[in-house]
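Enquirer: Structure file coords_37.tsv, TSV, C-alpha atoms, is pasted below:
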```
chain	number	residue	atom	x	y	z
V	302	MET	CA	0.00	0.00	0.00
V	303	ALA	CA	1.42	3.38	-0.98
V	304	CYS	CA	1.76	6.17	1.57
V	305	GLY	CA	-1.01	8.17	-0.11
V	306	ASP	CA	-3.47	5.29	0.32
V	307	TRP	CA	-3.72	5.50	4.13
V	308	ARG	CA	-7.11	7.26	4.01
V	309	ALA	CA	-8.66	4.41	2.07
V	310	PHE	CA	-7.18	1.95	4.58
V	311	TRP	CA	-8.75	3.70	7.58
V	312	GLN	CA	-12.13	4.31	5.95
V	313	ILE	CA	-12.97	0.58	5.90
V	314	MET	CA	-15.39	0.05	8.75
V	315	ILE	CA	-17.30	-3.11	7.89
V	316	LEU	CA	-15.89	-6.55	7.19
V	317	LEU	CA	-18.16	-8.67	5.02
V	318	ILE	CA	-17.45	-12.40	5.11
V	319	THR	CA	-19.08	-14.38	2.35
V	320	PRO	CA	-17.95	-17.05	-0.08
V	321	SER	CA	-20.50	-15.68	-2.55
V	322	ALA	CA	-19.27	-14.34	-5.87
V	323	ARG	CA	-21.61	-11.40	-5.23
V	324	GLY	CA	-19.52	-10.25	-2.24
V	325	GLN	CA	-18.39	-7.04	-3.93
V	326	ASP	CA	-21.98	-6.24	-4.94
V	327	CYS	CA	-23.02	-6.72	-1.31
V	328	ALA	CA	-20.18	-4.49	-0.13
V	329	GLN	CA	-21.29	-1.79	-2.56
V	330	ALA	CA	-24.89	-2.08	-1.32
V	331	LEU	CA	-23.68	-1.75	2.29
V	332	LEU	CA	-21.68	1.35	1.35
V	333	GLU	CA	-24.65	2.95	-0.37
V	334	SER	CA	-27.04	2.24	2.48
V	335	THR	CA	-24.80	2.89	5.49
V	336	SER	CA	-22.11	5.24	4.08
V	337	GLU	CA	-19.53	2.90	5.57
V	338	ALA	CA	-17.10	1.13	3.30
V	339	ALA	CA	-16.88	-2.65	3.47
V	340	GLN	CA	-13.99	-4.99	2.85
V	341	VAL	CA	-14.84	-8.45	1.57
V	342	ALA	CA	-13.27	-11.66	2.81
V	343	SER	CA	-14.24	-14.87	1.02
V	344	THR	CA	-13.04	-17.17	3.83
V	345	LEU	CA	-13.02	-17.06	7.61
V	346	ARG	CA	-9.24	-17.49	7.58
V	347	GLN	CA	-8.87	-14.41	5.37
V	348	ALA	CA	-11.31	-12.53	7.60
V	349	SER	CA	-9.27	-13.41	10.71
V	350	SER	CA	-6.22	-12.01	8.96
V	351	PHE	CA	-8.05	-8.74	8.18
V	352	LEU	CA	-9.26	-8.53	11.80
V	353	ARG	CA	-5.72	-8.93	13.11
V	354	ALA	CA	-4.55	-6.13	10.82
V	355	GLN	CA	-7.15	-3.47	11.68
V	356	GLU	CA	-10.29	-2.57	13.62
V	357	PHE	CA	-13.77	-2.81	12.17
V	358	SER	CA	-17.04	-1.45	13.51
V	359	ALA	CA	-18.99	-4.50	12.34
V	360	VAL	CA	-18.38	-7.92	10.84
V	361	VAL	CA	-21.18	-9.25	8.64
V	362	ILE	CA	-20.83	-13.02	8.55
V	363	ASP	CA	-22.62	-15.06	5.93
V	364	GLN	CA	-23.85	-18.27	7.58
V	365	SER	CA	-22.60	-20.27	4.59
V	366	ALA	CA	-19.02	-19.19	5.40
V	367	LEU	CA	-19.42	-20.66	8.88
V	368	ASP	CA	-20.83	-23.85	7.38
V	369	LEU	CA	-17.84	-24.17	5.02
V	370	GLU	CA	-15.21	-23.62	7.76
V	371	PRO	CA	-16.72	-24.59	11.14
V	372	ASP	CA	-13.33	-24.83	12.88
V	373	GLU	CA	-12.33	-21.32	11.82
V	374	GLY	CA	-15.42	-19.76	13.45
V	375	ALA	CA	-13.92	-19.82	16.95
V	376	THR	CA	-10.67	-18.31	15.69
V	377	LEU	CA	-12.60	-15.54	13.99
V	378	LEU	CA	-14.46	-14.68	17.18
V	379	GLN	CA	-11.16	-14.32	19.06
V	380	HIS	CA	-10.10	-11.55	16.66
V	381	LEU	CA	-13.33	-9.53	16.57
V	382	GLY	CA	-12.04	-6.91	18.98
V	383	THR	CA	-14.70	-4.22	19.35
V	384	ALA	CA	-16.47	-5.14	16.11
V	385	VAL	CA	-20.08	-6.20	16.45
V	386	PRO	CA	-20.83	-9.51	14.69
V	387	VAL	CA	-23.89	-9.67	12.44
V	388	TYR	CA	-24.89	-13.16	11.35
V	389	VAL	CA	-26.95	-13.39	8.15
V	390	SER	CA	-27.81	-15.88	5.49
V	391	PHE	CA	-27.45	-14.38	2.04
V	392	ALA	CA	-29.19	-17.47	0.68
V	393	ILE	CA	-32.38	-16.53	2.56
V	394	ASN	CA	-32.18	-12.80	3.26
V	395	GLY	CA	-32.21	-10.01	0.73
V	396	MET	CA	-29.89	-7.02	0.94
V	397	GLU	CA	-32.60	-4.89	2.57
V	398	ARG	CA	-32.75	-7.33	5.48
V	399	VAL	CA	-28.97	-7.50	5.75
V	400	VAL	CA	-28.78	-3.70	5.80
V	401	ARG	CA	-31.49	-3.50	8.50
V	402	GLU	CA	-29.66	-6.06	10.63
V	403	LEU	CA	-26.39	-4.21	10.19
V	404	ARG	CA	-27.89	-0.82	11.04
V	405	ALA	CA	-29.56	-2.26	14.15
V	406	ALA	CA	-26.27	-3.83	15.25
V	407	LEU	CA	-24.34	-0.58	14.69
V	408	GLN	CA	-26.95	1.39	16.64
V	409	ARG	CA	-26.77	-1.16	19.47
V	410	ARG	CA	-22.98	-0.89	19.45
V	411	GLU	CA	-23.17	2.91	19.62
V	412	ARG	CA	-25.65	2.83	22.52
V	413	GLU	CA	-23.48	0.32	24.39
V	414	SER	CA	-20.38	2.45	23.79
V	415	GLN	CA	-22.15	5.55	25.13
V	416	ILE	CA	-23.32	3.67	28.22
V	417	ALA	CA	-19.82	2.30	28.83
V	418	ARG	CA	-18.30	5.75	28.35
V	419	ARG	CA	-20.75	7.29	30.86
V	420	MET	CA	-20.02	4.53	33.38
V	421	VAL	CA	-16.26	5.07	33.07
V	422	GLU	CA	-16.70	8.84	33.40
V	423	ARG	CA	-18.86	8.38	36.50
V	424	GLU	CA	-16.35	6.00	38.08
V	425	LEU	CA	-13.40	8.27	37.29
V	426	ARG	CA	-15.28	11.31	38.57
V	427	SER	CA	-16.10	9.44	41.79
V	428	GLU	CA	-12.48	8.42	42.32
V	429	LEU	CA	-11.16	11.91	41.59
V	430	LYS	CA	-13.65	13.70	43.85
V	431	GLY	CA	-12.10	12.28	47.01
V	432	THR	CA	-8.57	13.11	45.92
V	433	ALA	CA	-9.51	16.62	44.79
V	434	THR	CA	-11.36	17.31	48.04
V	435	ALA	CA	-8.40	16.07	50.10
V	436	LEU	CA	-6.05	18.27	48.08
V	437	LEU	CA	-8.31	21.29	48.58
V	438	VAL	CA	-8.59	20.73	52.34
V	439	SER	CA	-4.84	20.16	52.68
V	440	CYS	CA	-4.11	23.41	50.84
V	441	GLU	CA	-6.57	25.32	53.05
V	442	MET	CA	-4.96	23.92	56.19
V	443	ALA	CA	-1.45	24.74	54.94
V	444	LEU	CA	-2.49	28.30	54.05
V	445	LYS	CA	-3.66	28.85	57.66
V	446	SER	CA	-0.16	28.09	58.93
V	447	ALA	CA	1.60	31.27	60.02
V	448	GLU	CA	5.09	29.83	59.59
V	449	LEU	CA	5.00	29.56	55.77
V	450	PRO	CA	7.57	31.52	53.80
V	451	ALA	CA	5.98	33.90	51.28
V	452	ALA	CA	7.14	31.90	48.25
V	453	THR	CA	5.71	28.67	49.68
V	454	HIS	CA	2.47	30.43	50.60
V	455	HIS	CA	2.16	31.66	47.00
V	456	ARG	CA	2.76	28.15	45.60
V	457	ILE	CA	0.14	26.66	47.91
V	458	GLU	CA	-2.33	29.39	46.89
V	459	ASN	CA	-1.76	28.36	43.26
V	460	LEU	CA	-2.33	24.71	44.18
V	461	HIS	CA	-5.46	25.72	46.09
V	462	GLN	CA	-6.79	27.57	43.05
V	463	LEU	CA	-6.10	24.56	40.82
V	464	ALA	CA	-7.79	22.26	43.35
V	465	GLN	CA	-10.84	24.57	43.37
V	466	GLU	CA	-10.98	24.47	39.56
V	467	MET	CA	-10.71	20.68	39.62
V	468	CYS	CA	-13.46	20.40	42.24
V	469	GLY	CA	-15.64	22.72	40.18
V	470	LYS	CA	-15.18	20.55	37.09
V	471	LEU	CA	-15.93	17.43	39.11
V	472	GLY	CA	-19.01	18.95	40.70
V	473	VAL	CA	-17.62	18.94	44.23
V	474	GLY	CA	-19.10	21.75	46.34
V	475	GLU	CA	-16.87	23.53	48.83
```
As a first step, turn the structure in this file into structure tokens.

Expert:
Amino acid sequence: MACGDWRAFWQIMILLITPSARGQDCAQALLESTSEAAQVASTLRQASSFLRAQEFSAVVIDQSALDLEPDEGATLLQHLGTAVPVYVSFAINGMERVVRELRAALQRRERESQIARRMVERELRSELKGTATALLVSCEMALKSAELPAATHHRIENLHQLAQEMCGKLGVGE
């Protein structure tokens, strides 16, 4: 891959796994309906290789690919990373159904990511509140000491101001 091709490399968001000769047509239909580019893998082994090389938002897996390579299915799942798997049967389902399933899976993934992000933020905020409060109280106590040299007093005032800003951002009332 040439250096100028890096944008094309990073734009691929969906991995489509199908042994069907119509794989590229399916990838084009996914692009048109979701605005996300798709890379096609004709085997599970090839798909595992693609998954090791980069991240995908979703992996659309044609059931017939799993039927052809049942032992490779477990290996594939180990390499999914954060990609959401979407199992379909191109033999039974039309492209409209595949697109609906994919959109639903991507929406689910987005909702789950937002929930996880909020939980992590809440946990981090909770952990930092105690530390920020302790820092603020320690600075206040140090500033009440009459024996502080002027330079040290000034540094502690700066720390106190920073601790107040941090507490304000964390929602800790004084």

Enquirer: Please list as a PyMOL selection string every residue within 12 Å of Leu345 of chain V, counting all atoms listed in the file and excluding residues in the same chain fewer than 2 positions away.

Expert: chain V and resi 316-320+341-343+347-352+360-381

Enquirer: Report as a list in words all protein, DNA and RNA residues lying within 9 Å of Cys327 of chain V, evaluated on all atoms listed in the file, omitting residues in the same chain fewer than 3 positions from it.

Expert: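 In the requested form, the answer reads Leu317, Arg323, Gly324, Ala330, Leu331, Leu332, Ala339, Val341 and Met396 of chain V.
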
Enquirer: To one decimal place in Å, what is the distance between atom CA of Val400 of chain V and atom CA of Ala338 of chain V?

Expert: 12.9 Å

Enquirer: By how many Å are atom CA of Leu463 of chain V and atom CA of Glu428 of chain V apart?

Expert: 17.4 Å

Enquirer: For atom CA of Ala405 of chain V and atom CA of Thr344 of chain V, quote the distance in Å rounded to one decimal.

Expert: 24.5 Å

Enquirer: Excluding Leu460 of chain V and any residue of its chain fewer than 4 positions from it, enumerate the residues within 12 Å of it, using all atoms listed in the file, and give them as a list of chain:residue names.

Expert: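 That gives V:Ala433, V:Leu436, V:Leu437, V:Val438, V:Ser439, V:Cys440, V:Glu441, V:Ala443, V:Leu444, V:Thr453, V:His454, V:His455, V:Arg456, V:Ala464, V:Gln465, V:Glu466, V:Met467.
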
Enquirer: Please determine an axis-aligned box that encloses all atoms of segment 405-411 of chain V listed in the file, with 3 Å added on each side, and express its centre and edge lengths in Å to one decimal as JSON.

Expert:
```
{"center_x": -26.3, "center_y": -0.5, "center_z": 16.9, "size_x": 12.6, "size_y": 12.7, "size_z": 11.5}
```

Enquirer: Tell me which residues come within 6 Å of (-26.8, -12.6, 3.7), as a list in words, counting only C-alpha atoms in the file's coordinates.

Expert: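 Here is the list of nearby residues: Asp363, Val389, Ser390, Phe391, Asn394 and Val399 of chain V.
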